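A.B. asks: Quick one: this structure, given as structure tokens, is what I'll be asking you about.
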Amino acid sequence: MSTPKNKAAWLHKAGQDLQVNTAPLPEAGQGEIIVKNVAISINPLDVYMAGEGHFVQRWPVVLGCDVAGEVYQVGPGVQRFKKGDRVVGHTVLLTHGREQDGAYALYTAVLENKAALIPENVPFKDAVVIPTALESAVCALNIKEATTIMPGVQKGALGLPSASLEAKPRSIGKTLVVYGGNTAIGFMTTQLARAAGVDVIAIGSKESAQLSKQAGASETIDYKDADFTDKVVQAVKAKGNTFVGIFDAPSNEETYANDLKILEKLNGGHLVCSHPPPSEVPGNVTTGMIFAVDPAADPVWKDFVTPALEKGVIQCLPKPNVVGTGLEAISKAHGQYKAGVKAEKLVVEL
Ligand SMILES: NC(=O)c1ccc[n+]([C@@H]2O[C@H](COP(=O)([O-])OP(=O)(O)OC[C@H]3O[C@@H](n4cnc5c(N)ncnc54)[C@H](OP(=O)(O)O)[C@@H]3O)[C@@H](O)[C@H]2O)c1
């Protein structure tokens with residue numbers, strides 16, 4: 001059989017357009033699989049890296065972190081996959097930075113421990129909404145030790161238990177506020193928290209509230225209400241659980257100001273952010289950040305994702321919005337992301 005040809009959407013310089021061109025066919029290294037991509041999804045990080053060039057380790061770069069497709073090649077030491085398996089995976093572009101780690105290609109290298117089989121009834125375009133969101137959610141919820149990520153910034157360390165595969169997990173008597181419940185990472189954090197028996201109050205727009213409920217939030221509060229921070233405080237108190245803290249998915253100046261209002265009225269707590277946290281917080285507030293390539297997610301990829309999808313413990317939320325077909329459609333998807341997304345994941349099919 002002839003060797004297939006690889007292609008990728010290359011970025012040669014920050015701010016330039018992506019250019020679709022030939023790429024070397026990756027070779028599976030130790031503990032790696034090569035995925036023949038069927039669908040890839042767009043993350044804010046990809047759009048940011050394309051525009052600013054930050055975090056790019058070598059040029060030209062193939063961006064993208066989330067793939068779903070068929071295993072083309074299995075590297076030495078790989079136990080869980082064989083050629084032809086339907087898989088979803090998270091690449092390690094952010095930490096390894098090699099061109100074969102980019103999702104924006106026909107073939108991509110994925111570590112065995114950052115991939116899972118996709119059940120037959122789940123389409124690739126749905127599964128591909130999962131990877132970055134899953135890794136982020138695990139970082140937000142399950143990290144136990146607040147080690148340093150960058151000078152002055154530590155990992156968020158809520159130390160909550162891992163999600164279980166039970167359809168109706170027993171309450172563990174804790175409430176978490178998920179700010180940005182309708183972000184991709186917010187939906188998955190809500191789903192995993194609920195699956196661990198944690199009660200979730202989600203902050204998000206009224207229009208997308210039904211989806212937050214579908215993800216498992218017990219209550220949704222609209223951030224457009226003038227007094228929404230008071231409503232969050234009331235809702236947390238009314239639950240009568242131990243308040244765990246806030247996971248702030250958007251993590252910007254506006255949301256930080258609101259987080260601190262809520263935390264002040266709840267006598268402090270943990271604030272876990274998706275970007276560097278506010279530098280000045282009261283003594284009763286601890287802050288941390290997620291860095292969504294973390295070994296903490298490996299057992300979740302290995303033991304949880306496939307059965308959780310099979311049992312419906314996690315759903316592929318937000319729903320994919322397929323922008324187009326072929327690597328050429330990725331530029332259009334970047335443009336669409338910049339124009340704004342609303343409880344949807346932009347996906348390109350290959
Ligand atoms: N540090 C890391 O490792 C890491 C990893 C992944 C993501 N991130 C960061 O996390 C953030 C979220 O990423 P994502 O992909 O999950 O986002 P996303 O899905 O693109 O977020 C879109 C959603 O944001 C919500 N939103 C916008 N402004 C809001 C506000 N003021 N309050 C509440 N919700 C608001 C909207 O919800 P409504 O429909 O309710 O309006 C919209 O549906 C990004 O900034 C990303 O860069 C960081």
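All residue names refer to the structure tokens as shown: chains lettered A, B, ... in order, residues numbered from 1 in each chain, ligands numbered from 1 in order.
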Do you know which residues are within 9 Å of ligand 1 using only C-alpha atoms and all ligand atoms? Can you write them as an MDAnalysis selection string?
C.D. replies: chainID A and resid 42:46 48 132:133 135:137 139 179:188 203:209 212 222:224 248:252 254:255 273:276 289:293 318 337 340:346
A.B. asks: Using only C-alpha atoms, determine which residues lie at most 12 Å from A:His96, disregarding the query and same-chain residues fewer than 6 positions distant; provide the list as a PDB file with N, CA and C atoms, in the first residue's frame.
C.D. replies:
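And here's result.pdb as it stands now:
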```pdb
ATOM      1  N   PHE A  55       3.490  31.497  22.719  1.00  0.00           N
ATOM      2  CA  PHE A  55       3.544  30.051  23.014  1.00  0.00           C
ATOM      3  C   PHE A  55       4.019  29.202  21.828  1.00  0.00           C
ATOM      4  N   VAL A  56       4.283  29.841  20.677  1.00  0.00           N
ATOM      5  CA  VAL A  56       4.799  29.057  19.545  1.00  0.00           C
ATOM      6  C   VAL A  56       6.255  28.729  19.837  1.00  0.00           C
ATOM      7  N   GLN A  57       6.586  27.452  19.764  1.00  0.00           N
ATOM      8  CA  GLN A  57       7.964  27.054  20.103  1.00  0.00           C
ATOM      9  C   GLN A  57       8.870  27.020  18.886  1.00  0.00           C
ATOM     10  N   ARG A  58       8.306  26.745  17.711  1.00  0.00           N
ATOM     11  CA  ARG A  58       9.138  26.784  16.494  1.00  0.00           C
ATOM     12  C   ARG A  58       8.261  27.121  15.286  1.00  0.00           C
ATOM     13  N   VAL A  61       4.521  26.850  12.274  1.00  0.00           N
ATOM     14  CA  VAL A  61       3.846  26.031  13.271  1.00  0.00           C
ATOM     15  C   VAL A  61       2.541  25.483  12.699  1.00  0.00           C
ATOM     16  N   CYS A  65      -5.291  21.749  18.916  1.00  0.00           N
ATOM     17  CA  CYS A  65      -5.056  20.793  20.013  1.00  0.00           C
ATOM     18  C   CYS A  65      -6.058  19.643  20.046  1.00  0.00           C
ATOM     19  N   GLY A 102       0.372  19.404  16.042  1.00  0.00           N
ATOM     20  CA  GLY A 102      -0.699  20.319  15.657  1.00  0.00           C
ATOM     21  C   GLY A 102      -1.899  19.564  15.094  1.00  0.00           C
ATOM     22  N   ALA A 109       0.080  13.509  15.711  1.00  0.00           N
ATOM     23  CA  ALA A 109       0.547  12.630  16.789  1.00  0.00           C
ATOM     24  C   ALA A 109      -0.184  12.960  18.087  1.00  0.00           C
ATOM     25  N   VAL A 110      -0.641  11.917  18.761  1.00  0.00           N
ATOM     26  CA  VAL A 110      -1.335  12.098  20.053  1.00  0.00           C
ATOM     27  C   VAL A 110      -0.752  11.076  21.025  1.00  0.00           C
ATOM     28  N   LEU A 111      -0.501  11.502  22.253  1.00  0.00           N
ATOM     29  CA  LEU A 111      -0.023  10.547  23.256  1.00  0.00           C
ATOM     30  C   LEU A 111      -1.143   9.574  23.592  1.00  0.00           C
ATOM     31  N   VAL A 293      -2.620  21.160  29.998  1.00  0.00           N
ATOM     32  CA  VAL A 293      -1.944  19.932  29.570  1.00  0.00           C
ATOM     33  C   VAL A 293      -1.330  19.412  30.858  1.00  0.00           C
TER      34      VAL A 293
END
```
A.B. asks: If DSSP is run on the backbone, what residues of stretch 194-225 of chain A are alpha helix (DSSP H)? A reply as JSON, numbers by chain would be ideal.
C.D. replies: {"A": [194, 195, 209, 210, 211, 212, 213, 214, 215]}
A.B. asks: Nearest to A:Thr287 among A:Gln19, A:Gln154, A:Thr220, A:Gln30, with distances taken over only C-alpha atoms: which residue is it?
C.D. replies: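 Smallest distance to A:Thr287 is found for A:Gln154.
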A.B. asks: In Å to one decimal, how far is atom CA of A:Asn142 from atom CA of A:Lys168?
C.D. replies: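 Separating atom CA of A:Lys168 from atom CA of A:Asn142 is a distance of 19.6 Å.
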A.B. asks: Write out as a PyMOL selection string each polymer residue whose atoms come within 8 Å of A:Lys82, counting only C-alpha atoms; drop sequence neighbours fewer than 4 positions from it.
C.D. replies: chain A and resi 71+73-74
A.B. asks: So that I have them on file, write out the residues from the current selection with C-alpha atoms, as a PDB file, in the first residue's frame.
C.D. replies:
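In the end it all went to selection-v5.pdb:
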```pdb
ATOM      1  CA  VAL A  71      -5.759   5.480  14.426  1.00  0.00           C
ATOM      2  CA  GLN A  73      -0.272   4.060  13.304  1.00  0.00           C
ATOM      3  CA  VAL A  74       0.559   2.810  16.764  1.00  0.00           C
TER       4      VAL A  74
END
```
A.B. asks: Of the residues A:Ile130, A:Asn37, A:Ile246, A:Lys311, which is the one nearest to A:Thr325, using only C-alpha atoms?
C.D. replies: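 Ranking A:Ile130, A:Asn37, A:Ile246, A:Lys311 by distance to A:Thr325, first place goes to A:Asn37.
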A.B. asks: Quick check for you: according to DSSP on this backbone, which residues of stretch 138-308 of chain A are classed as strand (DSSP E)? Reply as a ChimeraX atom specification.
C.D. replies: /A:148-150,153-154,174-179,199-203,219-221,242-248,269-273,285-289
A.B. asks: Mind pulling up the distance from atom CA of A:Lys7 to atom CA of A:Gln336?
C.D. replies: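 Rounded to one decimal, the two atoms are 22.7 Å apart.
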A.B. asks: Which one is closest to A:Thr190: A:Leu18, A:Ala238, A:Leu134, A:Ala297? Count only C-alpha atoms.
C.D. replies: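 Selected residue with least distance to A:Thr190: A:Leu134.
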A.B. asks: For A:Glu112, which of A:Leu263, A:Val232, A:Val198, A:Val92 is the closest residue, counting only C-alpha atoms?
C.D. replies: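 Between A:Leu263, A:Val232, A:Val198, A:Val92, the residue approaching A:Glu112 most closely is A:Val92.
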A.B. asks: Might you pull out every residue within 7 Å of A:Gly268, with only C-alpha atoms counted and same-chain residues fewer than 4 positions away left off, and present them as a list of chain:residue names?
C.D. replies: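 Skipping anything fewer than 4 positions along the chain leaves A:Leu263, A:Glu264, A:Asn284, A:Val285.
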A.B. asks: Take the residues just selected and output them with N, CA and C atoms as a compact mmCIF listing (two decimals), in the first residue's frame.
C.D. replies:
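As written to disk, result-v1.txt reads:
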```txt
# COMPACT_ATOMS: atom_id res chain seq x y z
N LEU A 263 -17.25 36.43 46.41
CA LEU A 263 -16.42 35.80 47.46
C LEU A 263 -16.45 36.62 48.75
N GLU A 264 -16.52 37.92 48.61
CA GLU A 264 -16.58 38.77 49.81
C GLU A 264 -17.81 38.42 50.65
N ASN A 284 -8.76 36.08 52.64
CA ASN A 284 -9.56 34.84 52.71
C ASN A 284 -9.85 34.24 51.33
N VAL A 285 -9.19 34.78 50.30
CA VAL A 285 -9.37 34.24 48.94
C VAL A 285 -8.05 33.64 48.48
```
